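**Student:** The following block contains the structure, expressed as structure tokens.
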Amino acid sequence: MIGIGLVAGSGTRARPLTLKTANYLRSKAAIRFLGRPIIEWQIDSMKADGIQDFIMVARGRENRFQVKTLIGYGEGHGVSVRYSPPILDHLDRGSADATIRSAEYFDLEGELFIFPVDSLIDLDMATLARVHRRRRPAMTIITTEVVGAKVANTYGVLILDERGRVQDFLEKPSPAILKDRFGPHWATLPLTTNAGFYLTRAEVLREQALHMEISHMRSHQLDFGHDLLPWLVRQNLLVQAFPARWVGDLGSLPQYLESMVDLLSGVATPPGFDLGPDQHPPLHHFGVARPPGSASPWTTVRLGRYVHVGPDCHFRNVSIGDECLIGRGVTLEDVHLDDGVIIGDGAVIRSSVVGLMATIHSSSDHPTYIEKISGIGDEAVIESGAHLENVLVYPRTTVKPNVHIIGPAVIQPGSTSLRARGRRVQVQARLLGRALKGGGSLHVPSRIHKVRSASV
């Protein structure tokens, strides 16, 4: 079995995790998660499941060479890694099209396990392979169940028969469609969705590529979930579903944090994930140092190397990177800190991600609050007294003291406007200067219906 990593893509949903600077993207595979790039976790997990040979289907310099810098040709992981050649990039017309080109270029044969590089999975690989070989479908889709309320307008839904054969696809259905299909209680029902992982044979892909209709689709776009799989079902070919034990989607901040909590708390235990010892159950602490004695509890914490933590801190569901400096009386709940983060006394950070070497100034009498799915980019600076809720701060942007922003909102350099309710409203330079310094801007996406701009 060969692992096919889908490395192309811009990672827009995952910003600021995928931003090295305001104008330079980080590959989704290079996003750091629990102390390591995602691609390293994936390679080690699939190696534990028996996959030794990998091909990264990449596009563009960042996606290809950032991954190559991280894992090379697999020497450090005891596997073999190859990369789709740059000469094919200009021909790429979607994930399925690019995979077919790589299968042809490398003259692949046998089973291909196709995986996205922004997700993690806990899967019974042995049973999957056995069922796939027995039933010999054109493709097996790895599925996961998502509650209906989260599915609407976001995930595709699979309609299966009693044996798990895919009968139909609902592409990001609206609430009205879900209600009509599944009844009045659709919002609370677990619905079967495509996890983005597939098992097929190289021969199947290459054979289907010869079909005239597929050839025509490839000249425009041929993705797996949106194009190839529905086409296979329409041709009455067998497309089989197989459930995963757990899927962690790291492609957006809320899902990234949810996956982090699942792994820290032991809800999911994929093969190849070694976070360290569980000390003093039910207190989970993973790391190289002991938590300092404190009246405030630490619950489910991954601690990096050379971390300094002040007294009286409260940590719950937290991943702390290497060489972080955290002051006294800091509260962190459902938070990821990348390496080199500095946090001042009394700061409160909840349900948020803080990027590499970001600085959160704070003092006990002038605390800073970052909450409600906020993302702080690499080397950003948040001054004391700021209060950010559901805000993305781009890398190397400074937010001045006492700014209160209730989003969804994006703070980024280079723009000078505020957009709300679909209107474009010019912001005077003096107002902008109070919120930001260094030429930054506050930008609220037009899809937001309620913006408390008076608090800026």
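Convention: chains lettered A, B, ... in structure tokens order; per-chain residue numbering from 1; ligands numbered from 1 as shown.
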May I have the residues within 9 Å of stretch 210-224 of chain A as a ChimeraX atom specification, using only C-alpha atoms and disregarding those fewer than 6 positions away in the same chain?

**Tutor:** /A:91-98,196,198,230-231

**Student:** Leaving out A:Val57 and any residue of its chain fewer than 5 positions from it, which residues lie within 9 Å of it when counting only C-alpha atoms, given as a list in words?

**Tutor:**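 With the cut-off at 9 Å, the set is Ile4, Gly5, Leu6, Val7, Ala8, Arg64, Arg82, Tyr83, Ser84, Pro85, Ser95, Ala98, Thr99 and Ser102 of chain A.
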
**Student:** Mind checking which residues fall within 10 Å of stretch 66-76 of chain A, counting only C-alpha atoms, ignoring those fewer than 6 positions away in the same chain, and posting them as a PyMOL selection string?

**Tutor:** chain A and resi 7+26-30+37+39-40+43+52-56+58+82-83

**Student:** Skip A:Gly110 itself and residues of its chain fewer than 2 positions away, then list as a ChimeraX atom specification all residues within 7 Å of it, counting only C-alpha atoms.

**Tutor:** /A:1,108,112,201-203

**Student:** Please produce a file of the residues just selected, as a compact mmCIF listing (two decimals), in the first residue's frame, where the atoms kept are C-alpha atoms.

**Tutor:**
```txt
# COMPACT_ATOMS: atom_id res chain seq x y z
CA MET A 1 0.00 0.00 0.00
CA LEU A 108 2.15 2.94 -9.88
CA LEU A 112 -3.20 3.67 -2.84
CA ARG A 201 -6.02 0.85 -6.70
CA ALA A 202 -3.74 2.66 -9.12
CA GLU A 203 -5.10 0.49 -11.91
```

**Student:** Between A:Asp122, A:Phe113, A:Pro16, A:Ala268, which has the minimum distance to A:Val410 (counting only C-alpha atoms)?

**Tutor:**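 Of A:Asp122, A:Phe113, A:Pro16, A:Ala268, the one nearest A:Val410 is A:Pro16, counting only C-alpha atoms.
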